[in-house]
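Structure record follows, encoded as structure tokens.
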Amino acid sequence: MSDELEDCKAELQTLKKLNNAFIECFDTLYKAGEKDATVKTLLSIVGKFHNSDRAFVFETDETYEYVNNTYEWCAENSVSRIEDFQNIPVSVFGSWIDKLQQESEIFLGDIKSSIPNDSLIYEVFFAYGKTDSVLIMPLKPGNCFCGFVGVGNPKAFTDNTILLKTVATSVMNEIQRESITKELLHYSFYDKLTGLRNRHAFIEHIKMLEGQAKPLGIIYADLNGLKSANDKYGHEAGDKMIVEASSLLKEFFNEAVYRIGGDEFVALCEGISRDAFNEKIQELSKQWHSEFTISCGSIWLPLCEDIEYYISIADNRMYENKKAFYGAKKTSC
């Protein structure tokens, strides 16, 4: 009877600690702000719960060729290893990845007996460290493995992985949330079809340039024949023309090209002399052929003053050239 009582007390203690850890996690997520701080706090919670030396997150890079230790928590008197675990080939994790794709967790209670000491994963992770055991959980958005969360040398509750599983899910959510935020931020400044910066980015750039004491060349460009291409061949053909035009303009003007409308572009040349700017315009005018032309209007300013006014002049010049093109079937810049 006393043994059963002790078991009940031990189980209650476990549930109490687990409950407290969950409350900390939920509180952290409720107050979630900056991703890095949130993930580090979650690692400290799970690391302390398992009485481990270290808690960590490993993520694959965008190419899925390398794995990096992106976050860690270390117990007092434990040594940081995050700098040691960077740019590790995915192939090193071959056996772990295969297992984590099929199972929800891996617990290696005795590294020396679990992993051959001549294997890559042993050489990279355990040969020179003081890690004798690990408990890890995969990061899998959907069914796509992209890393794992784990604890090193866990000394408590190794048979209770619900907290680590919750932390892994929370970390994955934080990673995805940041990824979505970055993507939304990117497309608030970039055009999805061409990869050029968009009207919003253009307006912000103009605000930044206004009043600067340096010359500025402005090219306002409009693609000719887009409507007829769309009508005759479909919108895919029109999109192809837009992409080709953007690539050519970017080749001439690097990153300072903006798609500000369906077939309208603006390029800005900062710090360029009048002669060099005119040479660029002349060279650009030689690039068109009978099936792919752009009408351009341009202007050069000695100083970045009243930029919006001079953009309107370049726009009017482009419009006049466009009328001439359709009237005489030739392009001018």
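Every chain in the structure tokens takes a letter, A first, then B, and so on in the order presented; its residues are numbered from 1, and the ligands are numbered from 1 following the presented order.
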
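The residue set within 7 Å of A:Val90, counting only C-alpha atoms and dropping same-chain residues fewer than 4 places from it, reads A:Glu65, A:Tyr66, A:Val67, A:Gly94.
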
- Message: If we count only C-alpha atoms and set the cut-off at 10 Å, which residues sit around A:Asn173, ignoring sequence neighbours fewer than 5 positions away in its own chain? Please answer as JSON, numbers by chain.
- Response: {"A": [139, 141, 167, 168, 178, 179]}

- Task: May I have the residues within 8 Å of stretch 79-86 of chain A as a PyMOL selection string, using only C-alpha atoms and disregarding those fewer than 6 positions away in the same chain?
- Result: chain A and resi 67-72

Taking N, CA and C atoms for each residue, export the selection above as a PDB file, in the first residue's frame.
ATOM      1  N   VAL A  67      22.095  21.862 -42.341  1.00  0.00           N
ATOM      2  CA  VAL A  67      21.328  22.005 -41.108  1.00  0.00           C
ATOM      3  C   VAL A  67      22.131  22.892 -40.163  1.00  0.00           C
ATOM      4  N   ASN A  68      21.453  23.816 -39.497  1.00  0.00           N
ATOM      5  CA  ASN A  68      22.112  24.723 -38.566  1.00  0.00           C
ATOM      6  C   ASN A  68      21.428  24.717 -37.209  1.00  0.00           C
ATOM      7  N   ASN A  69      22.250  24.793 -36.170  1.00  0.00           N
ATOM      8  CA  ASN A  69      21.728  24.974 -34.819  1.00  0.00           C
ATOM      9  C   ASN A  69      21.367  26.458 -34.695  1.00  0.00           C
ATOM     10  N   THR A  70      20.079  26.765 -34.710  1.00  0.00           N
ATOM     11  CA  THR A  70      19.642  28.167 -34.749  1.00  0.00           C
ATOM     12  C   THR A  70      19.351  28.752 -33.366  1.00  0.00           C
ATOM     13  N   TYR A  71      19.003  27.905 -32.409  1.00  0.00           N
ATOM     14  CA  TYR A  71      18.713  28.380 -31.057  1.00  0.00           C
ATOM     15  C   TYR A  71      19.222  27.363 -30.043  1.00  0.00           C
ATOM     16  N   GLU A  72      19.590  27.860 -28.866  1.00  0.00           N
ATOM     17  CA  GLU A  72      19.946  26.950 -27.779  1.00  0.00           C
ATOM     18  C   GLU A  72      19.693  27.604 -26.431  1.00  0.00           C
TER      19      GLU A  72
END

- Item | DSSP-assigned strand (DSSP E or B) members of stretch 138-167 of chain A, reported as JSON, numbers by chain | {"A": [138, 139, 147, 148, 149, 150, 151, 152]}

- Query: What gap, in Å, lies between atom CA of A:Asn224 and atom CA of A:Val243?
  - Reply: 13.4 Å

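Remark: for A:Met172, the closest of the candidate residues A:Tyr122, A:Tyr220, A:Phe148, A:Tyr326 is A:Phe148 (distances computed over only C-alpha atoms).
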